>>> print(open('query-v7.cif').read())   # mmCIF, C-alpha atoms
data_input
#
loop_
_atom_site.label_atom_id
_atom_site.label_comp_id
_atom_site.auth_asym_id
_atom_site.auth_seq_id
_atom_site.Cartn_x
_atom_site.Cartn_y
_atom_site.Cartn_z
CA MET N 29 55.87 -31.94 -8.16
CA SER N 30 54.16 -35.16 -7.25
CA VAL N 31 52.07 -36.98 -9.82
CA GLU N 32 48.88 -36.72 -7.82
CA ARG N 33 49.22 -32.98 -7.44
CA GLU N 34 49.90 -32.65 -11.14
CA PHE N 35 46.70 -34.54 -11.94
CA GLN N 36 44.75 -32.20 -9.72
CA ILE N 37 46.12 -29.16 -11.47
CA ALA N 38 45.81 -30.58 -15.01
CA PRO N 39 43.11 -33.26 -14.87
CA ILE N 40 42.79 -35.96 -17.50
CA VAL N 41 39.54 -37.09 -19.16
CA GLN N 42 39.45 -40.86 -18.73
CA GLU N 43 36.82 -41.48 -21.43
CA ALA N 44 38.89 -39.64 -23.98
CA VAL N 45 41.97 -41.68 -23.06
CA VAL N 46 40.02 -44.92 -23.47
CA HIS N 47 38.48 -43.75 -26.74
CA ASN N 48 41.83 -42.79 -28.24
CA SER N 49 43.68 -45.92 -27.22
CA ARG N 50 40.82 -48.12 -28.44
CA THR N 51 40.86 -46.37 -31.81
CA LEU N 52 44.59 -46.96 -32.11
CA LEU N 53 44.30 -50.57 -30.96
CA ASN N 54 41.60 -51.34 -33.53
CA LEU N 55 43.75 -49.94 -36.30
CA GLN N 56 46.82 -51.84 -35.13
CA SER N 57 45.16 -55.22 -34.91
CA LEU N 58 43.50 -54.76 -38.31
CA THR N 59 46.68 -53.70 -40.06
CA ALA N 60 48.81 -56.39 -38.36
CA SER N 61 46.79 -59.13 -40.05
CA LEU N 62 47.05 -57.22 -43.30
CA PHE N 63 50.86 -57.14 -43.02
CA GLY N 64 50.78 -60.86 -42.36
CA VAL N 65 48.97 -61.37 -45.67
CA GLY N 66 51.60 -59.26 -47.42
CA ALA N 67 54.52 -61.08 -45.82
CA GLY N 68 52.99 -64.43 -46.76
CA ILE N 69 52.51 -63.44 -50.39
CA LEU N 70 56.04 -62.04 -50.61
CA GLY N 71 57.31 -65.31 -49.17
CA LEU N 72 59.41 -63.73 -46.44
CA GLU N 73 61.12 -66.04 -43.98
CA SER N 74 62.49 -65.64 -40.44
CA TYR N 75 64.19 -62.31 -39.74
CA SER N 76 63.13 -60.56 -42.94
CA GLY N 77 59.46 -61.19 -42.06
CA PHE N 78 59.84 -59.65 -38.62
CA LEU N 79 61.77 -56.75 -40.10
CA PHE N 80 58.90 -56.25 -42.57
CA TYR N 81 56.48 -56.17 -39.66
CA LEU N 82 58.62 -53.68 -37.75
CA VAL N 83 58.84 -51.31 -40.72
CA CYS N 84 55.15 -51.60 -41.53
CA SER N 85 53.94 -50.96 -38.00
CA LEU N 86 56.18 -47.92 -37.72
CA LEU N 87 54.71 -46.76 -41.03
CA THR N 88 51.22 -47.26 -39.58
CA ALA N 89 52.04 -45.15 -36.54
CA MET N 90 53.55 -42.49 -38.78
CA LEU N 91 50.52 -42.38 -41.08
CA PHE N 92 48.13 -42.29 -38.12
CA TYR N 93 50.14 -39.43 -36.68
CA VAL N 94 50.01 -37.50 -39.93
CA VAL N 95 46.28 -38.03 -40.53
CA ARG N 96 44.77 -37.86 -37.06
CA VAL N 97 47.19 -36.40 -34.54
CA ALA N 98 49.30 -33.83 -36.31
CA PRO N 99 46.73 -31.44 -37.87
CA THR N 100 44.94 -30.49 -34.66
CA SER N 101 47.99 -30.73 -32.39
CA LEU N 102 50.11 -28.45 -34.50
CA ALA N 103 47.24 -26.08 -35.24
CA SER N 104 46.32 -25.56 -31.60
CA GLY N 105 49.85 -25.20 -30.33
CA THR N 106 48.45 -25.45 -26.83
CA GLY N 107 47.77 -28.72 -25.14
CA THR N 108 51.06 -30.12 -26.31
CA GLY N 109 53.90 -30.92 -24.05
CA GLY N 110 55.98 -28.19 -25.54
CA GLY N 111 57.54 -30.52 -28.07
CA GLY N 112 57.50 -29.68 -31.75
CA ALA N 113 56.70 -32.30 -34.37
CA PHE N 114 56.06 -35.91 -33.33
CA ASP N 115 54.47 -34.80 -30.08
CA THR N 116 51.38 -36.88 -29.28
CA SER N 117 50.69 -35.61 -25.77
CA ARG N 118 47.43 -33.92 -26.84
CA TYR N 119 45.81 -37.31 -27.44
CA PHE N 120 47.99 -39.97 -25.78
CA ARG N 121 49.53 -40.19 -22.35
CA SER N 122 52.80 -41.80 -23.33
CA GLN N 123 54.75 -41.30 -26.51
CA VAL N 124 56.40 -44.72 -26.33
CA GLU N 125 53.03 -46.43 -26.21
CA PHE N 126 51.89 -44.56 -29.30
CA TRP N 127 54.92 -45.28 -31.45
CA THR N 128 55.75 -48.84 -30.44
CA GLY N 129 52.54 -50.17 -28.88
CA GLY N 130 51.51 -51.71 -32.20
CA LEU N 131 54.49 -54.06 -32.21
CA MET N 132 53.17 -56.09 -29.29
CA ASN N 133 49.45 -55.64 -29.94
CA GLY N 134 49.42 -57.07 -33.42
CA LEU N 135 52.25 -59.59 -33.35
CA ALA N 136 50.03 -62.63 -32.80
CA GLY N 137 47.68 -61.69 -35.64
CA PHE N 138 50.63 -60.97 -37.89
CA ILE N 139 52.21 -64.40 -37.36
CA LEU N 140 48.85 -66.12 -37.79
CA THR N 141 48.11 -64.65 -41.20
CA TRP N 142 51.77 -64.76 -42.23
CA THR N 143 52.00 -68.52 -41.81
CA LEU N 144 48.53 -69.04 -43.26
CA PHE N 145 49.21 -67.16 -46.49
CA TYR N 146 52.73 -68.53 -46.80
CA GLY N 147 51.22 -71.99 -46.72
CA LEU N 148 48.38 -71.07 -49.09
CA VAL N 149 50.54 -69.47 -51.75
CA ARG N 150 53.37 -72.00 -51.64
CA ALA N 151 51.35 -75.16 -51.20
CA MET G 26 34.53 -38.75 -45.72
CA THR G 27 33.82 -42.31 -44.87
CA TRP G 28 33.04 -43.46 -48.39
CA ILE G 29 36.45 -42.24 -49.56
CA SER G 30 38.25 -44.43 -47.04
CA LYS G 31 36.01 -47.38 -47.86
CA ALA G 32 36.63 -46.97 -51.59
CA ILE G 33 40.40 -46.77 -51.07
CA THR G 34 40.36 -49.85 -48.83
CA LEU G 35 38.27 -51.78 -51.33
CA PHE G 36 40.60 -50.85 -54.19
CA GLY G 37 43.60 -51.99 -52.15
CA ALA G 38 41.85 -55.24 -51.27
CA VAL G 39 41.24 -55.95 -54.96
CA LEU G 40 44.93 -55.31 -55.69
CA LEU G 41 45.97 -57.56 -52.82
CA GLY G 42 43.65 -60.34 -53.93
CA HIS G 43 45.04 -60.14 -57.44
CA ALA G 44 48.61 -60.24 -56.14
CA CYS G 45 47.82 -63.25 -53.95
CA TYR G 46 46.21 -65.12 -56.85
CA SER G 47 49.14 -64.30 -59.13
CA ALA G 48 51.67 -65.52 -56.57
CA GLN G 49 49.71 -68.73 -56.08
CA GLU G 50 49.51 -69.35 -59.82
CA HIS G 51 53.20 -68.60 -60.17
CA SER G 52 54.20 -71.13 -57.54
CA ALA G 53 51.85 -73.71 -59.08
CA LEU G 54 53.46 -73.11 -62.48
CA GLN G 55 56.93 -73.45 -60.97
CA SER G 56 56.13 -76.75 -59.31
CA PHE G 57 54.63 -78.01 -62.59
CA LYS G 58 57.75 -76.96 -64.48
CA ALA G 59 59.94 -78.64 -61.88
CA ALA G 60 57.97 -81.85 -62.22
CA THR G 61 58.29 -81.89 -66.00
CA ALA G 62 61.97 -80.93 -65.76
CA THR G 63 62.74 -84.01 -63.70
CA LEU G 64 61.00 -86.12 -66.33
CA THR G 65 62.94 -84.58 -69.19
CA SER G 66 66.07 -84.26 -66.98
CA SER G 67 66.87 -80.70 -68.03
CA SER G 68 68.28 -78.21 -65.55
CA LEU G 69 65.97 -75.53 -64.16
CA ALA G 70 66.79 -72.59 -61.94
CA VAL G 71 64.42 -72.06 -59.03
CA ALA G 72 62.71 -68.77 -59.79
CA SER G 73 61.66 -66.54 -56.93
CA LEU G 74 58.55 -64.35 -56.92
CA PRO G 75 58.40 -62.09 -60.00
CA VAL G 76 59.16 -58.49 -59.16
CA ASP G 77 55.86 -57.14 -60.50
CA ILE G 78 53.88 -59.28 -58.07
CA ALA G 79 56.07 -58.09 -55.21
CA ILE G 80 55.56 -54.46 -56.21
CA GLU G 81 51.82 -55.00 -56.52
CA THR G 82 51.69 -56.53 -53.03
CA VAL G 83 53.59 -53.67 -51.44
CA ILE G 84 51.46 -51.05 -53.20
CA ALA G 85 48.26 -52.87 -52.20
CA ILE G 86 49.36 -52.92 -48.56
CA ILE G 87 50.15 -49.22 -48.57
CA VAL G 88 46.82 -48.38 -50.24
CA ILE G 89 44.80 -50.47 -47.75
CA LEU G 90 46.77 -48.99 -44.86
CA PHE G 91 45.98 -45.48 -46.08
CA GLY G 92 42.30 -46.33 -46.41
CA LEU G 93 42.13 -47.83 -42.93
CA VAL G 94 43.89 -44.88 -41.33
CA LEU G 95 41.50 -42.48 -43.06
CA GLY G 96 38.60 -44.53 -41.71
CA THR G 97 39.59 -44.26 -38.06
CA ARG G 98 37.44 -42.21 -35.73
CA PRO G 99 38.61 -38.73 -34.78
CA LEU G 100 40.55 -38.54 -31.52
CA ARG G 101 39.61 -36.52 -28.47
CA PRO G 102 41.89 -34.37 -26.35
CA ILE G 103 42.76 -36.04 -23.05
CA GLN G 104 43.55 -32.96 -20.99
CA TRP G 105 40.48 -31.72 -19.24
CA ARG G 106 40.95 -28.06 -20.08
CA VAL G 107 41.57 -28.72 -23.77
CA TRP G 108 38.62 -31.12 -23.95
CA ALA G 109 36.24 -28.73 -22.18
CA GLY G 110 37.38 -25.84 -24.33
CA LYS G 111 36.69 -27.87 -27.45
CA ILE G 112 33.15 -28.57 -26.23
CA GLU G 113 32.63 -24.89 -25.42
CA ARG G 114 33.81 -23.77 -28.82
CA GLU G 115 32.43 -26.44 -31.12
CA GLY G 116 29.62 -28.11 -29.19
CA GLU G 117 28.34 -31.26 -30.80
CA GLU G 118 30.16 -30.51 -34.04
CA GLY G 119 33.48 -31.49 -32.52
CA PHE G 120 32.30 -34.90 -31.35
CA MET G 121 30.94 -36.46 -34.48
CA ASP G 122 31.82 -39.80 -35.94
CA ASN G 123 32.80 -40.21 -39.55
CA ASP G 124 29.15 -40.83 -40.38
CA GLY G 125 28.16 -37.39 -39.11
CA GLU G 126 26.43 -38.70 -36.00
CA VAL G 127 27.19 -37.42 -32.54
CA ASN G 128 28.94 -39.93 -30.32
CA LYS G 129 26.78 -41.80 -27.86
CA ASP G 130 28.98 -40.93 -24.91
CA PHE G 131 28.97 -37.21 -25.63
CA VAL G 132 28.14 -35.62 -22.27
CA GLY G 133 27.45 -32.03 -23.31
CA ASN G 134 28.61 -28.92 -21.57
CA PRO G 135 30.81 -29.86 -18.58
CA PHE G 136 30.17 -26.46 -16.97
CA LYS G 137 26.41 -26.87 -16.91
CA PHE G 138 26.28 -27.13 -13.13
CA LEU G 139 27.97 -23.73 -12.90
CA GLU G 140 25.92 -21.99 -15.55
CA THR G 141 22.44 -22.96 -14.40
CA ARG G 142 21.14 -22.52 -10.88
CA PRO G 143 17.70 -21.90 -9.46
CA GLY G 144 16.70 -18.30 -8.73
CA PHE G 145 15.54 -17.02 -5.36
CA VAL G 146 12.25 -18.29 -4.05
CA ASP G 147 9.76 -15.95 -2.34
CA ILE G 148 8.85 -18.25 0.50
CA ARG G 149 6.52 -15.78 2.26
CA LYS G 150 4.40 -15.33 -0.86
CA GLN G 151 4.16 -19.10 -1.28
CA ARG G 152 3.13 -19.46 2.34
CA LYS G 153 0.35 -16.86 1.88
CA GLU G 154 -0.90 -18.65 -1.23
CA PHE G 155 -0.92 -21.94 0.60
CA ALA G 156 -2.80 -20.44 3.53
CA SER G 157 -5.46 -18.95 1.24
CA TRP G 158 -5.77 -22.26 -0.60
CA VAL G 159 -6.31 -24.06 2.71
CA LYS G 160 -8.93 -21.49 3.71
CA THR G 161 -10.86 -21.77 0.45
CA SER G 162 -10.81 -25.55 0.53
CA SER G 163 -11.99 -25.69 4.16
CA ALA G 164 -14.72 -23.12 3.49
CA GLN G 165 -16.30 -25.31 0.85
#
>>> encode(input="query-v7.cif", output="structure tokens")
Amino acid sequence: MSVEREFQIAPIVQEAVVHNSRTLLNLQSLTASLFGVGAGILGLESYSGFLFYLVCSLLTAMLFYVVRVAPTSLASGTGTGGGGAFDTSRYFRSQVEFWTGGLMNGLAGFILTWTLFYGLVRA
Amino acid sequence: MTWISKAITLFGAVLLGHACYSAQEHSALQSFKAATATLTSSSLAVASLPVDIAIETVIAIIVILFGLVLGTRPLRPIQWRVWAGKIEREGEEGFMDNDGEVNKDFVGNPFKFLETRPGFVDIRKQRKEFASWVKTSSAQ
């Protein structure tokens, strides 16, 4: 089935898509700077700092899934793509964007606060 | 709900601030020790961050993260049928912010144009009324 035909049969609410992705983006950019503060205080360098960021942003996505996405998605049962746990199709169009979108969105803020606090603490 | 997330975030921020200050003081103390050690020419091992400060930092980050996630706005279903069904069932209740206010871009019932329509109009009766009104106004 073509994509256009699929959209006509199961239409998508654009405002809801924008609202959801903006909520997620706000959270990601806020927490990325927070992780930068943590990495600076811990004094992480090079790869271990980026690994810290990777783990923390995955943790953010996980926590956001548990608090906001999972209760209603699993309760309704409908509106999901047929997947069991870790299915975000009720609120987000692509799974990959939900789980790994934070890595790119917050990287600049992370490095900014990381270097700042590393310099502040170890001056 | 919102004050819980704010309280958790604030508590985490206090922890993080304390950890940051402790780490800064620790590194200042280390550099002072190193300076005196070169004067007295005694050997000194370079100490890394104490483990309690590291633990405090990690816990503070997790606490703030939890508070921020709790403070996010509720999501909305993106599929039209799920979204419209939610409005039908819950009305304004389902589209509230954390503060208990309805969202500004809440549009209301999406089926309104189907559920309300004008009834039939008796055009002959209206025409008679108009004709009598014209007569009475011209008679005066």
>>> resolve_selection(input="query-v7.cif", expression="the PyMOL selection byres ((chain G and resi 48) around 9)", output="PyMOL selection string")
(chain N and resi 69-70+149-150) or (chain G and resi 43-47+49-53+74-75+78-79)
>>> closest_residue(input="query-v7.cif", among="G:Thr82, G:Ser157, G:Ser163, G:Thr63", to="chain N", atoms="all atoms listed in the file")
G:Thr82
>>> resolve_selection(input="query-v7.cif", expression="the PyMOL selection byres ((chain G) within 6 of (chain N))", output="list in words")
Cys45, Gln49, Val94, Leu100, Arg101, Pro102, Ile103, Gln104 and Trp105 of chain G
>>> closest_residue(input="query-v7.cif", among="G:Leu41, G:Arg152, G:Met121, G:Trp158", to="Ala85 of chain G", atoms="only C-alpha atoms")
G:Leu41
>>> resolve_selection(input="query-v7.cif", expression="the PyMOL selection byres ((chain G and resi 109-119) around 8)", output="PyMOL selection string")
chain G and resi 105-108+120-121+127+131+133-135
